[in-house]
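**Student:** If it helps, the file is called input.txt and holds compact mmCIF, C-alpha atoms:
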# COMPACT_ATOMS: atom_id res chain seq x y z
CA MET A 1 0.00 0.00 0.00
CA THR A 2 1.20 3.51 -0.75
CA ARG A 3 1.31 6.24 1.89
CA GLY A 4 -0.95 9.24 1.57
CA ASP A 5 2.08 11.57 1.34
CA ALA A 6 3.94 9.48 -1.25
CA PRO A 7 4.87 11.28 -4.49
CA VAL A 8 2.42 10.62 -7.29
CA VAL A 9 3.89 8.94 -10.36
CA TRP A 10 1.86 8.62 -13.54
CA LEU A 11 2.27 5.42 -15.53
CA ILE A 12 0.84 5.98 -18.99
CA ALA A 13 -0.62 3.12 -21.04
CA GLY A 14 -2.51 3.43 -24.29
CA THR A 15 -1.81 0.13 -26.02
CA ARG A 16 -1.64 -3.54 -25.14
CA PRO A 17 2.20 -3.69 -24.96
CA GLU A 18 2.30 -0.62 -22.73
CA ALA A 19 -0.23 -2.16 -20.34
CA ILE A 20 1.73 -5.42 -20.22
CA LYS A 21 5.00 -3.69 -19.43
CA MET A 22 3.56 -1.14 -16.98
CA ALA A 23 1.53 -3.62 -14.91
CA PRO A 24 4.46 -5.14 -12.98
CA VAL A 25 5.76 -1.64 -12.22
CA VAL A 26 2.41 -0.59 -10.75
CA GLN A 27 2.42 -3.72 -8.62
CA GLU A 28 5.97 -3.09 -7.44
CA MET A 29 5.29 0.55 -6.57
CA ARG A 30 2.25 -0.49 -4.56
CA ARG A 31 4.27 -3.18 -2.80
CA SER A 32 7.11 -0.84 -1.81
CA GLY A 33 4.80 1.94 -0.57
CA ARG A 34 7.14 4.88 -1.16
CA LEU A 35 5.51 6.01 -4.44
CA GLU A 36 1.86 6.45 -5.33
CA PRO A 37 1.34 4.93 -8.80
CA VAL A 38 -1.46 6.44 -10.87
CA LEU A 39 -2.19 4.30 -13.92
CA VAL A 40 -3.39 6.51 -16.77
CA ALA A 41 -5.24 4.82 -19.64
CA THR A 42 -5.14 7.12 -22.66
CA GLY A 43 -7.95 5.49 -24.65
CA GLN A 44 -5.75 4.68 -27.66
CA HIS A 45 -6.73 1.00 -27.52
CA PRO A 46 -9.09 0.93 -24.51
CA GLU A 47 -10.47 -2.63 -24.77
CA LEU A 48 -7.04 -4.20 -25.19
CA VAL A 49 -5.59 -2.22 -22.29
CA ASP A 50 -8.44 -3.22 -19.96
CA GLN A 51 -8.09 -6.85 -21.05
CA VAL A 52 -4.39 -6.92 -20.17
CA LEU A 53 -4.76 -5.11 -16.87
CA ALA A 54 -7.42 -7.59 -15.77
CA ALA A 55 -4.79 -10.33 -15.90
CA PHE A 56 -2.91 -8.44 -13.17
CA SER A 57 -6.05 -7.48 -11.19
CA LEU A 58 -5.53 -3.83 -12.14
CA THR A 59 -7.80 -1.09 -13.44
CA PRO A 60 -6.90 2.44 -14.59
CA ASP A 61 -6.89 5.23 -12.02
CA LEU A 62 -7.42 7.88 -14.71
CA ARG A 63 -9.00 7.25 -18.08
CA LEU A 64 -9.22 9.41 -21.20
CA THR A 65 -12.19 8.97 -23.52
CA LEU A 66 -11.27 9.81 -27.09
CA ASN A 67 -13.59 10.79 -29.92
CA ARG A 68 -11.79 9.41 -32.96
CA THR A 69 -13.35 9.85 -36.37
CA ASP A 70 -10.62 9.39 -38.98
CA GLY A 71 -8.15 7.14 -37.12
CA GLY A 72 -5.23 9.35 -38.13
CA GLN A 73 -2.16 10.23 -36.11
CA PRO A 74 -2.82 14.03 -36.01
CA GLU A 75 -6.30 13.54 -34.56
CA LEU A 76 -5.05 11.01 -32.02
CA MET A 77 -2.09 13.11 -30.92
CA ALA A 78 -4.22 16.24 -30.52
CA GLN A 79 -6.75 14.51 -28.30
CA LEU A 80 -4.11 12.75 -26.21
CA VAL A 81 -2.14 15.92 -25.56
CA THR A 82 -5.13 18.04 -24.61
CA GLY A 83 -6.68 15.29 -22.49
CA LEU A 84 -3.50 14.43 -20.58
CA ASP A 85 -2.70 18.09 -20.03
CA ALA A 86 -6.14 18.65 -18.51
CA PHE A 87 -5.47 15.81 -16.05
CA ALA A 88 -2.03 17.24 -15.21
CA ALA A 89 -3.57 20.67 -14.57
CA GLN A 90 -5.86 19.18 -11.92
CA ARG A 91 -3.16 17.29 -10.00
CA PRO A 92 0.38 17.48 -11.39
CA PRO A 93 2.35 14.29 -10.69
CA ALA A 94 5.90 14.27 -9.35
CA ALA A 95 7.03 12.24 -12.37
CA VAL A 96 5.61 10.68 -15.52
CA LEU A 97 6.65 7.19 -16.59
CA VAL A 98 6.15 6.41 -20.27
CA GLN A 99 6.98 3.16 -22.03
CA GLY A 100 8.31 2.40 -25.47
CA ASP A 101 7.36 4.31 -28.58
CA THR A 102 3.62 4.70 -29.15
CA THR A 103 1.64 7.86 -29.82
CA SER A 104 0.48 7.75 -26.19
CA THR A 105 4.13 7.60 -25.11
CA VAL A 106 5.06 10.71 -27.09
CA ALA A 107 1.97 12.61 -25.93
CA GLY A 108 2.62 11.78 -22.27
CA ALA A 109 6.27 12.77 -22.56
CA LEU A 110 5.46 16.07 -24.26
CA VAL A 111 2.79 17.05 -21.73
CA ALA A 112 5.16 16.30 -18.85
CA PHE A 113 8.05 18.14 -20.51
CA TRP A 114 5.94 21.23 -21.18
CA ARG A 115 4.89 21.29 -17.54
CA ARG A 116 8.48 20.69 -16.37
CA ILE A 117 7.58 17.35 -14.82
CA PRO A 118 10.41 14.76 -14.96
CA VAL A 119 9.91 12.14 -17.68
CA VAL A 120 11.09 8.58 -17.05
CA HIS A 121 11.40 6.53 -20.23
CA LEU A 122 10.90 2.79 -19.70
CA GLU A 123 12.34 0.62 -22.50
CA ALA A 124 14.59 3.47 -23.63
CA GLY A 125 17.26 3.20 -26.29
CA LEU A 126 15.72 0.81 -28.81
CA ARG A 127 16.84 1.74 -32.31
CA SER A 128 16.40 0.29 -35.79
CA PHE A 129 18.24 3.29 -37.28
CA ASP A 130 15.59 3.45 -40.02
CA LEU A 131 12.86 6.08 -39.64
CA GLN A 132 10.60 4.14 -41.99
CA SER A 133 10.75 0.85 -40.07
CA PRO A 134 9.08 0.59 -37.68
CA PHE A 135 6.93 3.56 -38.70
CA PRO A 136 6.24 5.82 -36.85
CA GLU A 137 7.73 4.17 -33.76
CA GLU A 138 11.38 4.81 -34.61
CA LEU A 139 10.79 8.57 -34.65
CA ASN A 140 8.60 8.37 -31.54
CA ARG A 141 11.26 6.73 -29.41
CA ARG A 142 13.90 9.23 -30.52
CA LEU A 143 11.61 12.12 -29.63
CA VAL A 144 10.95 10.73 -26.16
CA THR A 145 14.68 10.39 -25.55
CA GLN A 146 15.01 14.15 -25.91
CA THR A 147 12.41 14.78 -23.19
CA ALA A 148 13.51 12.22 -20.60
CA SER A 149 15.19 12.98 -17.28
CA LEU A 150 15.83 9.28 -16.62
CA HIS A 151 16.41 6.61 -19.26
CA LEU A 152 15.65 2.99 -18.26
CA ALA A 153 17.21 0.81 -20.95
CA PRO A 154 16.12 -2.84 -21.17
CA THR A 155 19.52 -4.18 -22.26
CA PRO A 156 23.17 -3.11 -22.48
CA VAL A 157 22.76 -2.74 -26.26
CA ALA A 158 19.95 -0.23 -25.79
CA ALA A 159 22.05 1.62 -23.22
CA GLN A 160 24.94 1.83 -25.67
CA ASN A 161 22.61 3.32 -28.29
CA LEU A 162 21.77 6.07 -25.82
CA ARG A 163 25.41 6.71 -24.96
CA ALA A 164 26.07 7.13 -28.67
CA GLU A 165 23.46 9.93 -28.58
CA ASN A 166 25.32 11.61 -25.69
CA ILE A 167 23.02 10.44 -22.91
CA ASP A 168 25.09 10.52 -19.73
CA ASP A 169 25.50 7.45 -17.54
CA SER A 170 24.31 9.48 -14.55
CA VAL A 171 20.74 9.40 -15.95
CA LEU A 172 20.91 5.97 -17.58
CA LEU A 173 20.22 2.56 -16.06
CA VAL A 174 19.91 -0.94 -17.54
CA THR A 175 16.85 -2.48 -15.86
CA GLY A 176 15.95 -5.45 -18.05
CA ASN A 177 12.56 -5.46 -19.76
CA THR A 178 9.47 -5.57 -17.59
CA VAL A 179 7.79 -7.84 -20.14
CA VAL A 180 9.84 -10.71 -18.69
CA ASP A 181 8.43 -9.87 -15.26
CA ALA A 182 4.92 -9.71 -16.71
CA ILE A 183 4.93 -13.03 -18.51
CA SER A 184 6.57 -14.76 -15.54
CA ARG A 185 3.76 -13.54 -13.27
CA VAL A 186 0.98 -15.05 -15.37
CA THR A 187 2.65 -18.26 -16.56
CA ASP A 188 2.05 -20.51 -13.57
CA ARG A 189 -1.67 -19.80 -13.26
CA PRO A 190 -4.36 -22.17 -14.52
CA VAL A 191 -5.67 -20.81 -17.83
CA SER A 192 -9.30 -20.91 -18.88
CA PHE A 193 -10.05 -20.26 -22.55
CA ALA A 194 -13.36 -18.62 -23.39
CA ASP A 195 -13.03 -19.65 -27.05
CA SER A 196 -13.31 -23.43 -27.41
CA ALA A 197 -11.40 -23.39 -30.70
CA VAL A 198 -8.44 -21.67 -29.06
CA ALA A 199 -8.62 -24.08 -26.12
CA ASP A 200 -8.65 -27.04 -28.50
CA VAL A 201 -5.61 -26.01 -30.52
CA VAL A 202 -3.51 -25.03 -27.48
CA GLU A 203 -4.42 -28.16 -25.54
CA SER A 204 -3.84 -30.39 -28.58
CA ALA A 205 -0.38 -28.90 -29.03
CA THR A 206 0.37 -29.31 -25.33
CA ARG A 207 -0.55 -33.00 -25.57
CA GLY A 208 1.67 -33.43 -28.65
CA GLU A 209 -1.23 -34.15 -31.00
CA CYS A 210 -0.20 -31.35 -33.35
CA ARG A 211 2.48 -28.73 -33.74
CA LEU A 212 1.30 -25.19 -33.12
CA VAL A 213 2.59 -22.19 -35.04
CA LEU A 214 1.58 -18.89 -33.46
CA VAL A 215 1.34 -16.03 -35.98
CA THR A 216 0.94 -12.32 -35.32
CA ALA A 217 1.20 -9.59 -37.97
CA HIS A 218 -0.08 -6.09 -37.46
CA ARG A 219 2.59 -3.42 -37.96
CA ARG A 220 1.67 -0.48 -40.15
CA GLU A 221 4.58 -1.11 -42.52
CA SER A 222 3.25 -4.65 -43.07
CA TRP A 223 -0.15 -3.53 -44.32
CA GLY A 224 -0.95 -4.28 -47.95
CA MET A 225 1.31 -6.54 -50.00
CA PRO A 226 3.75 -7.44 -47.18
CA LEU A 227 0.85 -8.81 -45.13
CA MET A 228 -0.50 -10.69 -48.14
CA ARG A 229 2.91 -12.35 -48.62
CA ILE A 230 2.98 -13.36 -44.94
CA LEU A 231 -0.48 -14.90 -45.18
CA SER A 232 0.46 -16.72 -48.39
CA ALA A 233 3.49 -18.18 -46.60
CA VAL A 234 1.26 -19.43 -43.77
CA ASP A 235 -1.04 -21.11 -46.28
CA ILE A 236 1.90 -22.86 -48.02
CA LEU A 237 3.38 -23.91 -44.69
CA LEU A 238 0.14 -25.60 -43.71
CA ALA A 239 0.02 -27.46 -47.01
CA ARG A 240 3.57 -28.75 -46.52
CA HIS A 241 3.15 -29.86 -42.90
CA PRO A 242 -0.12 -31.73 -42.26
CA ASP A 243 0.47 -31.92 -38.50
CA VAL A 244 0.81 -28.14 -38.14
CA ARG A 245 -2.02 -25.96 -36.90
CA VAL A 246 -1.97 -22.16 -36.79
CA LEU A 247 -3.29 -19.80 -34.15
CA LEU A 248 -3.56 -16.20 -35.35
CA PRO A 249 -4.82 -13.54 -32.90
CA MET A 250 -5.96 -10.65 -35.10
CA HIS A 251 -5.17 -7.01 -34.49
CA PRO A 252 -8.34 -4.88 -34.18
CA ASN A 253 -7.45 -2.74 -37.22
CA PRO A 254 -10.19 -3.44 -39.82
CA ALA A 255 -7.75 -3.56 -42.75
CA VAL A 256 -5.68 -6.24 -41.00
CA GLN A 257 -8.73 -8.28 -40.03
CA GLN A 258 -10.17 -8.14 -43.53
CA ALA A 259 -6.94 -9.34 -45.14
CA VAL A 260 -6.41 -12.15 -42.62
CA THR A 261 -10.00 -13.38 -42.85
CA ALA A 262 -10.00 -13.37 -46.65
CA ALA A 263 -6.76 -15.35 -46.81
CA LEU A 264 -7.13 -17.93 -44.05
CA ALA A 265 -10.69 -18.17 -42.72
CA GLY A 266 -11.49 -21.13 -44.99
CA ASN A 267 -8.66 -23.34 -43.66
CA SER A 268 -9.86 -25.75 -40.98
CA ARG A 269 -6.39 -25.93 -39.41
CA VAL A 270 -6.29 -22.18 -38.75
CA VAL A 271 -7.85 -20.61 -35.68
CA LEU A 272 -8.51 -16.90 -36.08
CA THR A 273 -9.33 -15.04 -32.91
CA PRO A 274 -9.48 -11.51 -31.56
CA ALA A 275 -6.53 -10.49 -29.40
CA LEU A 276 -6.19 -12.96 -26.55
CA PRO A 277 -6.11 -12.11 -22.85
CA TYR A 278 -2.52 -11.96 -21.71
CA GLU A 279 -2.48 -15.18 -19.71
CA GLN A 280 -3.89 -17.00 -22.76
CA THR A 281 -1.21 -15.46 -24.95
CA ALA A 282 1.44 -16.80 -22.57
CA ALA A 283 -0.10 -20.26 -22.70
CA ALA A 284 -0.21 -20.16 -26.51
CA ILE A 285 3.46 -19.17 -26.77
CA ALA A 286 4.44 -21.92 -24.33
CA ALA A 287 2.53 -24.53 -26.39
CA SER A 288 4.00 -23.42 -29.72
CA SER A 289 6.72 -25.10 -31.73
CA LEU A 290 7.40 -21.90 -33.63
CA VAL A 291 6.32 -18.25 -33.65
CA LEU A 292 6.03 -16.05 -36.74
CA SER A 293 5.63 -12.43 -35.72
CA ASP A 294 6.30 -8.78 -36.48
CA SER A 295 5.59 -7.96 -32.82
CA GLY A 296 8.33 -6.58 -30.62
CA GLY A 297 6.83 -8.03 -27.45
CA ILE A 298 6.77 -11.63 -28.64
CA GLN A 299 10.46 -11.38 -29.55
CA GLU A 300 11.02 -10.61 -25.87
CA GLU A 301 8.54 -13.13 -24.44
CA ALA A 302 9.22 -16.28 -26.47
CA PRO A 303 12.80 -16.84 -25.18
CA THR A 304 11.33 -17.42 -21.71
CA PHE A 305 9.62 -20.53 -23.14
CA LYS A 306 12.55 -21.49 -25.42
CA VAL A 307 10.35 -21.10 -28.51
CA PRO A 308 12.14 -19.86 -31.67
CA VAL A 309 10.81 -16.75 -33.40
CA LEU A 310 10.92 -15.84 -37.08
CA VAL A 311 10.72 -12.05 -37.18
CA LEU A 312 8.52 -10.90 -40.07
CA ARG A 313 10.48 -7.69 -40.59
CA ASP A 314 13.60 -6.67 -42.46
CA THR A 315 15.05 -4.93 -39.41
CA THR A 316 14.53 -5.25 -35.69
CA GLU A 317 15.45 -2.98 -32.80
CA ARG A 318 15.68 -6.12 -30.65
CA MET A 319 18.84 -7.66 -32.08
CA GLU A 320 19.58 -9.23 -28.70
CA ALA A 321 17.23 -12.10 -29.61
CA VAL A 322 18.89 -12.55 -33.00
CA ASN A 323 22.37 -12.37 -31.51
CA ALA A 324 21.41 -14.91 -28.84
CA GLY A 325 20.26 -17.27 -31.61
CA CYS A 326 16.63 -17.46 -30.48
CA ALA A 327 15.21 -15.33 -33.32
CA MET A 328 15.85 -14.96 -37.05
CA LEU A 329 15.01 -12.08 -39.38
CA VAL A 330 13.07 -13.31 -42.42
CA GLY A 331 11.16 -10.22 -43.54
CA THR A 332 7.98 -10.69 -45.55
CA ASP A 333 9.30 -12.75 -48.45
CA ALA A 334 6.94 -15.73 -48.67
CA ASP A 335 9.55 -18.14 -50.01
CA LEU A 336 12.06 -17.29 -47.28
CA ILE A 337 9.43 -17.57 -44.55
CA VAL A 338 8.32 -21.00 -45.80
CA GLU A 339 11.86 -22.29 -46.31
CA THR A 340 13.11 -21.14 -42.89
CA ALA A 341 10.03 -22.29 -41.01
CA SER A 342 10.08 -25.68 -42.72
CA LYS A 343 13.70 -26.23 -41.74
CA LEU A 344 12.91 -25.51 -38.13
CA LEU A 345 9.82 -27.74 -38.16
CA THR A 346 11.69 -30.68 -39.71
CA ASP A 347 15.09 -30.33 -38.01
CA ALA A 348 14.77 -30.82 -34.26
CA ALA A 349 18.48 -30.15 -33.72
CA GLN A 350 18.27 -26.75 -35.41
CA ARG A 351 15.16 -25.88 -33.44
CA THR A 352 16.88 -26.90 -30.20
CA ALA A 353 19.89 -24.78 -31.15
CA MET A 354 17.61 -21.73 -31.11
CA ASN A 355 16.59 -22.32 -27.51
CA ALA A 356 18.02 -19.43 -25.49
CA ARG A 357 19.80 -20.51 -22.32
CA THR A 358 18.33 -17.47 -20.60
CA ASN A 359 16.12 -14.67 -21.80
CA PRO A 360 18.49 -11.92 -23.06
CA PHE A 361 15.87 -9.28 -22.26
CA GLY A 362 15.58 -9.69 -18.52
CA ASP A 363 15.70 -11.70 -15.32
CA GLY A 364 12.26 -10.90 -13.88
CA ARG A 365 13.50 -8.05 -11.66
CA ALA A 366 13.03 -5.12 -14.05
CA ALA A 367 9.96 -3.76 -12.24
CA GLU A 368 11.86 -3.79 -8.96
CA ARG A 369 14.76 -1.86 -10.52
CA THR A 370 12.33 0.58 -12.14
CA GLU A 371 10.65 1.38 -8.82
CA GLN A 372 14.04 1.83 -7.16
CA ALA A 373 15.30 4.06 -9.98
CA VAL A 374 12.27 6.36 -9.87
CA ALA A 375 12.52 6.56 -6.07
CA TRP A 376 16.20 7.45 -6.41
CA MET A 377 15.45 10.16 -8.98
CA LEU A 378 12.88 11.68 -6.61
CA GLY A 379 15.27 11.62 -3.65
CA LEU A 380 13.62 8.73 -1.80
CA ALA A 381 16.53 6.29 -2.17
CA ALA A 382 20.19 6.86 -1.44
CA GLU A 383 21.42 5.26 -4.63
CA ALA A 384 20.29 3.78 -7.93
CA PRO A 385 19.82 0.00 -8.13
CA GLU A 386 22.40 -2.36 -9.54
CA PRO A 387 21.88 -2.73 -13.31
CA PHE A 388 20.66 -5.83 -15.10
CA ALA A 389 23.63 -7.78 -16.44
CA PRO A 390 22.66 -10.56 -18.89
CA GLU A 391 26.00 -12.33 -18.49
CA LEU A 392 25.39 -12.67 -14.75
CA ALA A 393 21.85 -13.92 -15.32
CA GLU A 394 23.17 -16.53 -17.74
CA ALA A 395 25.73 -17.67 -15.20
CA GLY A 396 22.98 -18.04 -12.60
CA GLN A 397 24.35 -15.29 -10.38
Transcribe the structure of this file into structure tokens.

**Tutor:**
Amino acid sequence: MTRGDAPVVWLIAGTRPEAIKMAPVVQEMRRSGRLEPVLVATGQHPELVDQVLAAFSLTPDLRLTLNRTDGGQPELMAQLVTGLDAFAAQRPPAAVLVQGDTTSTVAGALVAFWRRIPVVHLEAGLRSFDLQSPFPEELNRRLVTQTASLHLAPTPVAAQNLRAENIDDSVLLVTGNTVVDAISRVTDRPVSFADSAVADVVESATRGECRLVLVTAHRRESWGMPLMRILSAVDILLARHPDVRVLLPMHPNPAVQQAVTAALAGNSRVVLTPALPYEQTAAAIAASSLVLSDSGGIQEEAPTFKVPVLVLRDTTERMEAVNAGCAMLVGTDADLIVETASKLLTDAAQRTAMNARTNPFGDGRAAERTEQAVAWMLGLAAEAPEPFAPELAEAGQ
């Protein structure tokens, strides 16, 4: 429980990944009691955020209601900035914690910066070095770096990216990624599936009656022909491997849903579903033989379960997974996706070789380090926490 006189810290979440990665930090702040966490839901993806938070028994403390008509970035940014600023005018927080690189992240950072409130950037320092991929996230994360008073990098590689941009070590800490904390906290629970088709495919894979391939594809730069090539590759892969079944949680964007449904809805070995609750997502990853995804989060989550990932992008800002051997970049070329996936499905030794010894993105203590770092920044702790060191985690230290 927090004390009544504890400094208020906003934790801003507008999308599913933000909610996943903020939830353990809220829990840790409440546990320690020296900060008062205020979870702010921006309304960017309200249903998905609520769904994730429910897995952690959390609900937003403040909630924006947006009135979106055209779905564009200018409209979204305008409403987020004005709405968040109105909240800040009523009760300014002592600090604002933003995560990653979404429009909600940029809006929260700008509002805090304009009001001279310290910005803490969780998952700082990711870079693809290509402003067009991921779009617009690469620009977003660079903008937030310029506003931040404290940079919480998930890995040493991300920290080095920030040092190359002249971010001083005095305001930089490697915490690990809180997604590892999040997925660890939901993994050991019994999972109940509301959708019987999802339950059937996950349970069948768990019993060894089929091999499950989990597919997610939603990034803006994948829309159109790249997505069509990905879906074509999935169709070919199913034809080549009769024991393979596919689970594809669909992004809520209508263009993505329409393309996915048109390409795969007629295949009896494909289960299409809306976005799954987080604990069900964890169970699906754990049951999978292989993941095909353009999602950043799954690249970070799958190594916990020793499941190889084929990254459906030409570049990734999460090269730690590739360098550790647990992920491979295949882009959206249908032939390359099919060829690489088939090799992994038929060659057990190669698949085993992609099993990470430890998750290169964290050790499950990132939320603890984040709480300590924010407390230190606000003068409530004598020193910053010890940084996450992947080499020590691998050695079991």

**Student:** As a ChimeraX atom specification, please: the residues near Glu317 of chain A (cut-off 10 Å, only C-alpha atoms, same-chain neighbours under 3 positions excluded).

**Tutor:** /A:125-130,133-134,138,157-158,296,320-321

**Student:** For each of A:Ala233, A:Glu203, A:Thr316, A:Leu227, take the minimum atom-to-atom distance to Gln257 of chain A, counting all atoms listed in the file, then give the residue where this is smallest.

**Tutor:** A:Leu227

**Student:** As an exercise, work out the distance from atom CA of Val270 of chain A to atom CA of Leu53 of chain A in Å and give it to one decimal place.

**Tutor:**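 These atoms are spaced 27.8 Å apart.
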
**Student:** Which residues are near Met250 of chain A? Cut-off 6 Å, only C-alpha atoms, ignore same chain within fewer than 2 positions. Put them as JSON, numbers by chain.

**Tutor:** {"A": [273, 274, 275]}

**Student:** Using only C-alpha atoms, can you tell me which of A:Ser268, A:Pro190, A:Arg142, A:Pro242 comes closest to Asn161 of chain A?

**Tutor:**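 Answer, going by the shortest atom-to-atom distance: A:Arg142.
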
**Student:** State, in Å with one decimal place, the distance from atom CA of Val144 of chain A to atom CA of His121 of chain A.

**Tutor:**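 A separation of 7.3 Å between them.
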
**Student:** Calculated over all atoms listed in the file, which of the candidates A:Ser204, A:Pro385, A:Ser222, A:Glu300 has the smallest distance to Gly331 of chain A?

**Tutor:**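 Going through A:Ser204, A:Pro385, A:Ser222, A:Glu300 one by one, the smallest distance to Gly331 of chain A is for A:Ser222.
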
**Student:** Counting all atoms listed in the file, which of A:Asp235, A:Glu137, A:Glu123, A:Glu28 gets nearest to Val106 of chain A?

**Tutor:**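 Nearest to Val106 of chain A: A:Glu137.
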
**Student:** Could you tell me which of A:Val244, A:Val26, A:Leu122, A:Ile117 comes closest to Pro154 of chain A if we count only C-alpha atoms?

**Tutor:** A:Leu122

**Student:** Please, what distance in Å, to one decimal, runs between atom CA of Pro24 of chain A and atom CA of Arg220 of chain A?

**Tutor:**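 These atoms are spaced 27.7 Å apart.
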
**Student:** Give me, as a ChimeraX atom specification, all polymer residues having an atom no more than 7 Å from segment 352-366 of chain A, counting all atoms listed in the file and skipping those fewer than 5 positions away in the same chain.

**Tutor:** /A:154-155,175-178,180-181,300,303-304,306-308,320-321,324-326,390,393-394

**Student:** In the coordinate frame of the file, compute which residues have an atom within 8 Å of (16.2, 13.6, -11.1) when using only C-alpha atoms, and state them as a PDB file with C-alpha atoms, in the coordinates of the input.

**Tutor:**
ATOM      1  CA  PRO A 118      10.410  14.760 -14.960  1.00  0.00           C
ATOM      2  CA  SER A 149      15.190  12.980 -17.280  1.00  0.00           C
ATOM      3  CA  LEU A 150      15.830   9.280 -16.620  1.00  0.00           C
ATOM      4  CA  VAL A 171      20.740   9.400 -15.950  1.00  0.00           C
ATOM      5  CA  TRP A 376      16.200   7.450  -6.410  1.00  0.00           C
ATOM      6  CA  MET A 377      15.450  10.160  -8.980  1.00  0.00           C
ATOM      7  CA  LEU A 378      12.880  11.680  -6.610  1.00  0.00           C
ATOM      8  CA  GLY A 379      15.270  11.620  -3.650  1.00  0.00           C
TER       9      GLY A 379
END

**Student:** With distances taken over only C-alpha atoms, which of A:Ala89, A:Ala107, A:Leu131, A:Ala164 is nearest to Pro74 of chain A?

**Tutor:**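 For Pro74 of chain A, the nearest of the given residues is A:Ala107.
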
**Student:** May I have the residues within 9 Å of Val96 of chain A as a ChimeraX atom specification, using all atoms listed in the file and disregarding those fewer than 2 positions away in the same chain?

**Tutor:** /A:8-12,93-94,98,108-109,112,117-121

**Student:** Residues within 7 Å of Arg16 of chain A, please, as a list in words. Count all atoms listed in the file; anything in the same chain fewer than 5 positions from it doesn't count.

**Tutor:**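 Close residues of Arg16 of chain A: Leu48, Val49 and Val52 of chain A.
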